[in-house]
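Participant: So here's my_file07.cif, just mmCIF, C-alpha atoms:
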```
data_final
loop_
_atom_site.label_atom_id
_atom_site.label_comp_id
_atom_site.auth_asym_id
_atom_site.auth_seq_id
_atom_site.Cartn_x
_atom_site.Cartn_y
_atom_site.Cartn_z
CA MET A 21 -14.84 17.47 33.01
CA SER A 22 -17.73 18.05 35.38
CA ASN A 23 -19.14 21.56 35.56
CA SER A 24 -19.07 21.21 39.35
CA LEU A 25 -15.31 21.74 39.21
CA PHE A 26 -15.91 25.33 38.16
CA LYS A 27 -18.49 26.19 40.82
CA LEU A 28 -17.75 29.15 43.09
CA SER A 29 -20.82 29.01 45.29
CA GLY A 30 -19.94 29.62 48.93
CA LYS A 31 -16.39 30.84 48.30
CA ILE A 32 -15.30 34.00 50.11
CA ILE A 33 -13.10 36.26 48.00
CA ALA A 34 -11.20 39.33 49.24
CA PHE A 35 -10.74 41.62 46.24
CA SER A 36 -8.58 44.76 46.05
CA GLY A 37 -9.00 47.07 43.07
CA ALA A 38 -12.57 45.84 42.65
CA THR A 39 -13.94 49.30 41.88
CA GLY A 40 -11.85 49.79 38.73
CA VAL A 41 -13.24 49.07 35.26
CA LEU A 42 -11.88 45.53 35.05
CA GLY A 43 -12.12 44.86 38.78
CA GLU A 44 -15.79 45.80 38.90
CA ALA A 45 -16.65 43.53 35.99
CA MET A 46 -14.72 40.63 37.52
CA SER A 47 -16.16 41.06 41.00
CA ARG A 48 -19.71 41.23 39.65
CA HIS A 49 -19.14 38.05 37.65
CA LEU A 50 -17.79 36.18 40.67
CA ALA A 51 -20.71 37.35 42.80
CA LYS A 52 -23.18 36.15 40.16
CA GLU A 53 -21.45 32.75 40.34
CA GLY A 54 -22.22 32.54 44.06
CA ALA A 55 -19.07 33.90 45.71
CA THR A 56 -19.17 36.48 48.50
CA ILE A 57 -17.01 39.47 47.55
CA LEU A 58 -15.11 41.42 50.19
CA ILE A 59 -14.27 44.70 48.50
CA LEU A 60 -11.05 46.40 49.60
CA GLY A 61 -10.87 50.00 48.39
CA ARG A 62 -9.99 53.56 49.36
CA ASN A 63 -13.07 55.26 47.89
CA GLU A 64 -16.06 54.74 50.16
CA ILE A 65 -18.57 56.00 47.61
CA LYS A 66 -17.35 53.59 44.92
CA ILE A 67 -17.37 50.71 47.41
CA LYS A 68 -20.99 51.40 48.37
CA GLU A 69 -22.02 51.74 44.73
CA LEU A 70 -20.42 48.40 43.83
CA ILE A 71 -22.02 46.66 46.82
CA ALA A 72 -25.41 48.02 45.76
CA THR A 73 -24.87 46.82 42.19
CA ILE A 74 -23.80 43.34 43.28
CA GLU A 75 -26.75 43.03 45.67
CA SER A 76 -29.18 44.24 42.99
CA GLU A 77 -27.93 41.37 40.83
CA GLY A 78 -28.57 38.85 43.59
CA GLY A 79 -25.02 38.62 44.90
CA LYS A 80 -23.36 39.13 48.27
CA ALA A 81 -20.69 41.72 49.06
CA GLU A 82 -19.11 43.58 51.95
CA GLY A 83 -16.90 46.67 51.87
CA TYR A 84 -13.71 47.51 53.73
CA LEU A 85 -12.12 50.94 53.46
CA CYS A 86 -8.43 50.39 52.88
CA ASP A 87 -5.49 51.95 51.03
CA VAL A 88 -3.45 48.92 49.96
CA THR A 89 -0.19 50.90 50.14
CA ASP A 90 -0.73 51.66 53.84
CA GLU A 91 0.22 48.63 55.94
CA ASP A 92 -1.66 49.80 59.01
CA GLN A 93 -4.88 50.19 57.01
CA VAL A 94 -4.42 46.80 55.36
CA LYS A 95 -3.88 45.11 58.73
CA LYS A 96 -6.96 46.76 60.20
CA ALA A 97 -9.04 45.66 57.20
CA ALA A 98 -7.79 42.09 57.57
CA ASP A 99 -8.67 42.14 61.29
CA LYS A 100 -12.19 43.33 60.46
CA VAL A 101 -12.58 40.61 57.83
CA LYS A 102 -11.45 38.00 60.37
CA LYS A 103 -14.08 39.19 62.86
CA SER A 104 -16.76 39.23 60.16
CA VAL A 105 -16.18 35.98 58.25
CA GLY A 106 -13.33 34.21 60.03
CA SER A 107 -11.39 33.04 56.98
CA ILE A 108 -11.24 33.57 53.22
CA ASP A 109 -10.80 31.19 50.30
CA ILE A 110 -9.29 33.52 47.71
CA LEU A 111 -7.42 36.82 47.58
CA ILE A 112 -7.44 38.76 44.31
CA ASN A 113 -4.88 41.57 44.08
CA ALA A 114 -6.13 43.86 41.33
CA ALA A 115 -5.21 47.28 42.72
CA GLY A 116 -2.82 49.08 40.39
CA GLY A 117 -2.33 51.86 37.92
CA ASN A 118 0.09 54.36 36.42
CA MET A 119 0.81 58.08 36.62
CA PRO A 120 2.27 60.63 34.19
CA GLY A 121 5.57 61.19 35.98
CA ALA A 122 6.52 57.51 35.63
CA VAL A 123 5.95 57.64 31.86
CA ILE A 124 8.62 58.57 29.31
CA LYS A 125 6.77 60.58 26.64
CA PRO A 126 7.90 60.68 22.98
CA ASP A 127 9.50 64.11 23.47
CA GLN A 128 11.29 62.97 26.66
CA ASN A 129 14.09 60.58 27.54
CA PHE A 130 15.11 58.55 30.56
CA LEU A 131 16.67 61.59 32.23
CA ASP A 132 13.20 63.13 32.52
CA LEU A 133 11.93 60.30 34.74
CA ASN A 134 10.34 61.52 37.97
CA ALA A 135 11.72 59.29 40.74
CA GLU A 136 8.95 60.17 43.18
CA ALA A 137 6.25 59.27 40.66
CA LEU A 138 8.09 56.01 39.91
CA LYS A 139 8.11 55.18 43.63
CA LYS A 140 4.36 55.80 43.88
CA VAL A 141 3.68 53.52 40.90
CA MET A 142 5.86 50.79 42.41
CA ASP A 143 4.11 51.22 45.76
CA LEU A 144 0.63 51.02 44.25
CA ASN A 145 1.25 48.03 42.00
CA TYR A 146 3.87 46.01 43.86
CA LEU A 147 3.59 46.97 47.52
CA GLY A 148 -0.17 47.17 47.00
CA THR A 149 -0.05 43.46 46.20
CA VAL A 150 2.52 42.43 48.81
CA LEU A 151 0.77 44.04 51.79
CA PRO A 152 -2.72 42.52 51.26
CA THR A 153 -1.03 39.17 50.67
CA LYS A 154 0.94 39.47 53.91
CA HIS A 155 -2.06 40.36 56.06
CA PHE A 156 -4.78 38.27 54.42
CA LEU A 157 -2.66 35.13 54.10
CA PRO A 158 -3.26 34.24 57.79
CA LEU A 159 -6.99 34.06 56.99
CA MET A 160 -6.15 31.23 54.60
CA LEU A 161 -3.47 29.60 56.74
CA SER A 162 -6.10 29.13 59.44
CA GLN A 163 -7.91 26.64 57.20
CA ASN A 164 -4.76 25.10 55.67
CA LYS A 165 -5.57 26.11 52.10
CA GLY A 166 -5.62 29.24 50.03
CA ASN A 167 -5.66 30.72 46.57
CA ILE A 168 -4.05 34.02 45.56
CA ILE A 169 -4.58 35.60 42.15
CA ASN A 170 -2.54 38.64 41.15
CA ILE A 171 -3.24 40.91 38.21
CA SER A 172 -0.17 41.47 36.05
CA SER A 173 0.04 42.91 32.54
CA MET A 174 1.49 42.26 29.11
CA ALA A 175 3.78 45.20 29.92
CA ALA A 176 5.59 42.94 32.41
CA SER A 177 6.94 40.49 29.85
CA ARG A 178 6.94 42.67 26.72
CA PRO A 179 8.61 45.98 27.63
CA MET A 180 6.89 48.80 25.79
CA THR A 181 7.83 52.37 25.09
CA ARG A 182 6.68 55.05 27.55
CA VAL A 183 5.32 52.94 30.43
CA MET A 184 8.60 52.28 32.23
CA GLY A 185 7.33 52.55 35.81
CA TYR A 186 4.18 50.51 35.30
CA ALA A 187 6.01 47.81 33.31
CA SER A 188 8.71 47.49 35.99
CA ALA A 189 6.11 47.18 38.74
CA LYS A 190 4.16 44.49 36.88
CA ALA A 191 7.38 42.58 36.14
CA ALA A 192 7.91 42.53 39.90
CA ILE A 193 4.39 41.09 40.28
CA ASP A 194 5.29 38.23 37.92
CA ASN A 195 8.41 37.41 39.89
CA MET A 196 6.62 37.63 43.24
CA THR A 197 3.82 35.37 41.95
CA LYS A 198 6.27 32.62 41.07
CA TRP A 199 8.34 33.07 44.22
CA LEU A 200 5.32 32.97 46.51
CA ALA A 201 3.84 29.94 44.73
CA VAL A 202 6.97 27.96 45.62
CA GLU A 203 7.22 29.43 49.12
CA LEU A 204 3.67 28.54 50.11
CA ALA A 205 3.64 25.08 48.53
CA LYS A 206 6.95 24.12 50.13
CA LYS A 207 6.19 25.49 53.59
CA HIS A 208 2.41 25.12 53.87
CA GLY A 209 1.50 22.33 51.48
CA PRO A 210 -0.12 21.68 48.10
CA GLU A 211 -3.44 23.27 49.06
CA PHE A 212 -1.89 26.70 48.56
CA ARG A 213 -1.46 28.18 45.12
CA VAL A 214 -0.55 31.53 43.60
CA ASN A 215 -1.11 32.60 39.99
CA ALA A 216 -1.46 35.77 37.97
CA ILE A 217 -3.57 36.93 35.05
CA ALA A 218 -1.78 39.16 32.52
CA PRO A 219 -4.34 41.14 30.51
CA GLY A 220 -3.36 42.53 27.15
CA PHE A 221 -4.86 45.81 26.03
CA PHE A 222 -8.27 46.63 27.47
CA LEU A 223 -9.85 50.08 27.27
CA THR A 224 -10.06 51.59 30.75
CA GLU A 225 -10.52 55.13 32.02
CA GLN A 226 -6.77 55.28 32.55
CA ASN A 227 -5.69 54.51 28.98
CA ARG A 228 -8.72 55.49 26.90
CA THR A 229 -7.35 58.90 25.91
CA LEU A 230 -3.98 57.31 25.07
CA LEU A 231 -5.50 54.74 22.72
CA THR A 232 -8.58 56.45 21.25
CA GLU A 233 -9.50 59.90 19.98
CA ASN A 234 -12.56 61.84 21.17
CA ASP A 235 -14.54 60.50 18.21
CA GLY A 236 -13.68 56.90 19.12
CA SER A 237 -11.11 56.37 16.37
CA LEU A 238 -7.71 54.98 17.26
CA THR A 239 -4.68 57.08 18.06
CA SER A 240 -1.37 56.14 16.44
CA ARG A 241 -0.46 54.11 19.56
CA GLY A 242 -3.87 52.45 19.49
CA ASN A 243 -3.30 51.46 15.88
CA GLN A 244 0.14 50.04 16.73
CA ILE A 245 -1.40 47.85 19.41
CA ILE A 246 -4.20 46.54 17.20
CA GLU A 247 -1.70 45.82 14.42
CA HIS A 248 0.24 43.63 16.88
CA THR A 249 -2.84 41.87 18.25
CA PRO A 250 -3.79 38.95 15.97
CA MET A 251 -7.41 39.04 17.13
CA ASP A 252 -7.55 42.63 15.84
CA ARG A 253 -9.34 44.23 18.78
CA PHE A 254 -8.97 45.42 22.36
CA GLY A 255 -10.06 43.12 25.13
CA LYS A 256 -13.47 43.37 26.77
CA PRO A 257 -13.88 42.88 30.54
CA GLU A 258 -15.86 39.69 29.98
CA ASP A 259 -12.86 38.20 28.16
CA LEU A 260 -11.27 37.76 31.61
CA PHE A 261 -14.14 35.83 33.16
CA GLY A 262 -13.22 32.35 31.93
CA VAL A 263 -9.61 32.39 33.14
CA LEU A 264 -10.66 34.10 36.37
CA GLN A 265 -13.30 31.48 37.15
CA TRP A 266 -10.91 28.65 36.26
CA LEU A 267 -8.24 29.97 38.63
CA CYS A 268 -10.77 30.59 41.41
CA SER A 269 -12.33 27.16 41.08
CA ASP A 270 -11.29 23.60 41.87
CA ALA A 271 -10.71 23.05 38.14
CA SER A 272 -7.18 24.48 38.57
CA THR A 273 -6.05 22.79 41.78
CA PHE A 274 -2.74 21.63 40.22
CA VAL A 275 -1.94 25.05 38.73
CA THR A 276 0.44 27.35 40.60
CA GLY A 277 3.23 29.77 39.76
CA THR A 278 1.76 30.61 36.36
CA ILE A 279 1.19 33.89 34.54
CA ILE A 280 -1.82 33.46 32.24
CA PRO A 281 -1.95 35.90 29.28
CA VAL A 282 -5.36 37.11 28.13
CA ASP A 283 -4.18 39.25 25.26
CA GLY A 284 -5.72 38.27 21.92
CA GLY A 285 -2.39 36.78 20.83
CA PHE A 286 -0.32 39.94 21.45
CA SER A 287 2.45 38.03 23.26
CA ALA A 288 2.66 35.40 20.52
CA PHE A 289 3.05 37.79 17.58
CA SER A 290 6.52 38.89 16.47
CA GLY A 291 5.13 41.49 14.09
CA VAL A 292 5.89 39.52 10.92
#
```
Could you take the file, read its structure, and then write that structure out as structure tokens?
Facilitator:
Amino acid sequence: MSNSLFKLSGKIIAFSGATGVLGEAMSRHLAKEGATILILGRNEIKIKELIATIESEGGKAEGYLCDVTDEDQVKKAADKVKKSVGSIDILINAAGGNMPGAVIKPDQNFLDLNAEALKKVMDLNYLGTVLPTKHFLPLMLSQNKGNIINISSMAASRPMTRVMGYASAKAAIDNMTKWLAVELAKKHGPEFRVNAIAPGFFLTEQNRTLLTENDGSLTSRGNQIIEHTPMDRFGKPEDLFGVLQWLCSDASTFVTGTIIPVDGGFSAFSGV
């Protein structure tokens, strides 16, 4: 297979959630490979810092202030992108996260679930993927081809204790990914594809205190995860680069409606 199939030079990629731990690493990688990154985020300082980092590494990036759960803001960002670059090649939906009220702690049960916190988690992860897709899709329809990559999670397909809200939201992402893949291919042709990457356990600022102690050793939950990960470690951001580049590139032009696990074997291991 020719290496030219994997080239990203000249591609324009709109990227939500690019300022998070994994999003930043992925966006910097794509920029180093020659893509122009359009950063969608709600923290102006973080956007500017990421643009500066990408440019210092020889890449190209633009920033657009946007809360992906606010449809008006998303629409305005898409309008600005249209005026700036006209069309996009790829949309990566990586905005997401969790919050304490949507978690069932060991000393709690389902009756302790905070419905408002659950709604916010669903809005951030699910609606925060649907709205950018709705308003940035026209920037791909205008050139009769497009590529959408959602970020799911192992929690979507392997329900885990505690993270009820987050797991439910990511399960919705999986379903939407498959539904939209069929919808776009049937109605707009084979040049449109939609896939998702489902990371296993990666250390981020959000889960670091849940999985590791202050001295860096594993918590009991961290140990449980490692014991059920055949590769015996947490993922590193760079572990996502290969699948990400494959899905962004012409090497995967016949791939749509898939959820690609990057989990060190977690989803394959029954525990025995």
Participant: Please, which residues are within 12 Å of (6.7, 45.2, 33.2) by the file's coordinates, counting only C-alpha atoms, and could they come as an MDAnalysis selection string?
Facilitator: chainID A and resid 118 141:142 145:146 171:195 218
Participant: Could you give me, as a list of chain:residue names, the residues within 9 Å of stretch 197-212 of chain A, counting only C-alpha atoms and dropping anything in the same chain fewer than 2 positions from it?
Facilitator: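 Final neighbour list, sorted by chain and number: A:Met160, A:Leu161, A:Asn164, A:Lys165, A:Gly166, A:Asn167, A:Ile168, A:Ile169, A:Asn170, A:Ala192, A:Ile193, A:Asp194, A:Asn195, A:Val214, A:Asn215, A:Ala216, A:Thr273, A:Phe274, A:Thr276, A:Gly277, A:Thr278, A:Ile279.
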Participant: Write out as number ranges by chain which residues come within 8 Å of A:Ala51 when counting only C-alpha atoms, dropping same-chain ones fewer than 3 positions away.
Facilitator: A: 47-48, 54-57, 74, 79-81
Participant: What would the file look like if the residues just selected were written as a compact mmCIF listing (two decimals), keeping the file's coordinate frame with C-alpha atoms?
Facilitator:
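Dumped to result_7.txt:
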```
# COMPACT_ATOMS: atom_id res chain seq x y z
CA SER A 47 -16.16 41.06 41.00
CA ARG A 48 -19.71 41.23 39.65
CA GLY A 54 -22.22 32.54 44.06
CA ALA A 55 -19.07 33.90 45.71
CA THR A 56 -19.17 36.48 48.50
CA ILE A 57 -17.01 39.47 47.55
CA ILE A 74 -23.80 43.34 43.28
CA GLY A 79 -25.02 38.62 44.90
CA LYS A 80 -23.36 39.13 48.27
CA ALA A 81 -20.69 41.72 49.06
```
Participant: Closest to A:Ile112 among A:Ala137, A:Cys268, A:Ser29, A:Ser237, using all atoms listed in the file?
Facilitator: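 Nearest candidate to A:Ile112 out of A:Ala137, A:Cys268, A:Ser29, A:Ser237: A:Cys268.
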Participant: Let me make sure I understand: among A:Ala34, A:Leu138, A:Gln163, A:Asp235, which one has the smallest atom-to-atom distance to A:Ile124 if we use all atoms listed in the file?
Facilitator: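 Going through A:Ala34, A:Leu138, A:Gln163, A:Asp235 one by one, the smallest distance to A:Ile124 is for A:Leu138.
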Participant: Each side padded by 8 Å, which centre and which edge lengths in Å (one decimal) define the axis-aligned box around the listed atoms of stretch 155-161 of chain A? Give them as lines of an AutoDock Vina configuration file.
Facilitator:
```
center_x = -4.5
center_y = 35.0
center_z = 55.9
size_x = 20.9
size_y = 26.8
size_z = 19.7
```
Participant: Name the residues captured by the PyMOL selection byres ((chain A and resi 100) around 12) when it is applied to the shown file; answer as a VMD selection string.
Facilitator: chain A and resid 34 58 60 82 to 86 93 to 99 101 to 107 155 to 156 159
Participant: Suppose we keep C-alpha atoms; can you now write the selection as a CSV table (one decimal), in the frame of the given file?
Facilitator:
```
chain,number,residue,atom,x,y,z
A,34,ALA,CA,-11.2,39.3,49.2
A,58,LEU,CA,-15.1,41.4,50.2
A,60,LEU,CA,-11.0,46.4,49.6
A,82,GLU,CA,-19.1,43.6,52.0
A,83,GLY,CA,-16.9,46.7,51.9
A,84,TYR,CA,-13.7,47.5,53.7
A,85,LEU,CA,-12.1,50.9,53.5
A,86,CYS,CA,-8.4,50.4,52.9
A,93,GLN,CA,-4.9,50.2,57.0
A,94,VAL,CA,-4.4,46.8,55.4
A,95,LYS,CA,-3.9,45.1,58.7
A,96,LYS,CA,-7.0,46.8,60.2
A,97,ALA,CA,-9.0,45.7,57.2
A,98,ALA,CA,-7.8,42.1,57.6
A,99,ASP,CA,-8.7,42.1,61.3
A,101,VAL,CA,-12.6,40.6,57.8
A,102,LYS,CA,-11.4,38.0,60.4
A,103,LYS,CA,-14.1,39.2,62.9
A,104,SER,CA,-16.8,39.2,60.2
A,105,VAL,CA,-16.2,36.0,58.2
A,106,GLY,CA,-13.3,34.2,60.0
A,107,SER,CA,-11.4,33.0,57.0
A,155,HIS,CA,-2.1,40.4,56.1
A,156,PHE,CA,-4.8,38.3,54.4
A,159,LEU,CA,-7.0,34.1,57.0
```
Participant: Quick one: everything within 8 Å of stretch 219-230 of chain A, counting only C-alpha atoms, minus sequence neighbours fewer than 3 positions away in the same chain. Send it as a list in words.
Facilitator: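 Contacts, with the query itself left out: Val41, Leu42, Gly117, Asn118, Ile171, Ser172, Ser173, Met174, Glu233, Asn234, Thr239, Arg241, Gly242, Ile245, Phe254, Gly255, Lys256, Pro257, Leu260, Pro281, Val282, Asp283, Gly284 and Phe286 of chain A.
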Participant: When you draw a straight line from atom CA of A:Gly43 to atom CA of A:Pro152, how long is it in Å?
Facilitator: 15.8 Å
Participant: Separation of atom CA of A:Ala114 and atom CA of A:Gly37, in Å?
Facilitator: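 Value for the atom CA of A:Ala114-atom CA of A:Gly37 distance: 4.6 Å.
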Participant: If you measure from atom CA of A:Gly78 to atom CA of A:Glu258, what distance in Å do you get, rounded to one decimal?
Facilitator: 18.6 Å
Participant: A:Asp90, A:Phe130, A:Leu25, A:Glu44: which is nearest A:Arg62, counting all atoms listed in the file?
Facilitator: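 Closest to A:Arg62 of all the choices is A:Asp90.
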Participant: Please provide the set of residues having any atom within 12 Å of A:Val292, restricted to all atoms listed in the file, with same-chain residues fewer than 6 positions apart removed, written as a ChimeraX atom specification.
Facilitator: /A:247-250
Participant: Which residue out of A:Ile246, A:Met46, A:Ile110, A:Ala115 has the minimum interatomic distance to A:Gly61 when all atoms listed in the file are used?
Facilitator: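 Checking each of A:Ile246, A:Met46, A:Ile110, A:Ala115 against A:Gly61, counting all atoms listed in the file, the winner is A:Ala115.
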Participant: Determine the nearest neighbour of A:Thr153 from the options A:Gln244, A:Ile65, A:Leu231, A:Ser36, counting all atoms listed in the file.
Facilitator: A:Ser36
Participant: Which residue out of A:Asp92, A:Asp127, A:Asp109, A:Gly121 has the minimum interatomic distance to A:Lys154 when all atoms listed in the file are used?
Facilitator: A:Asp92
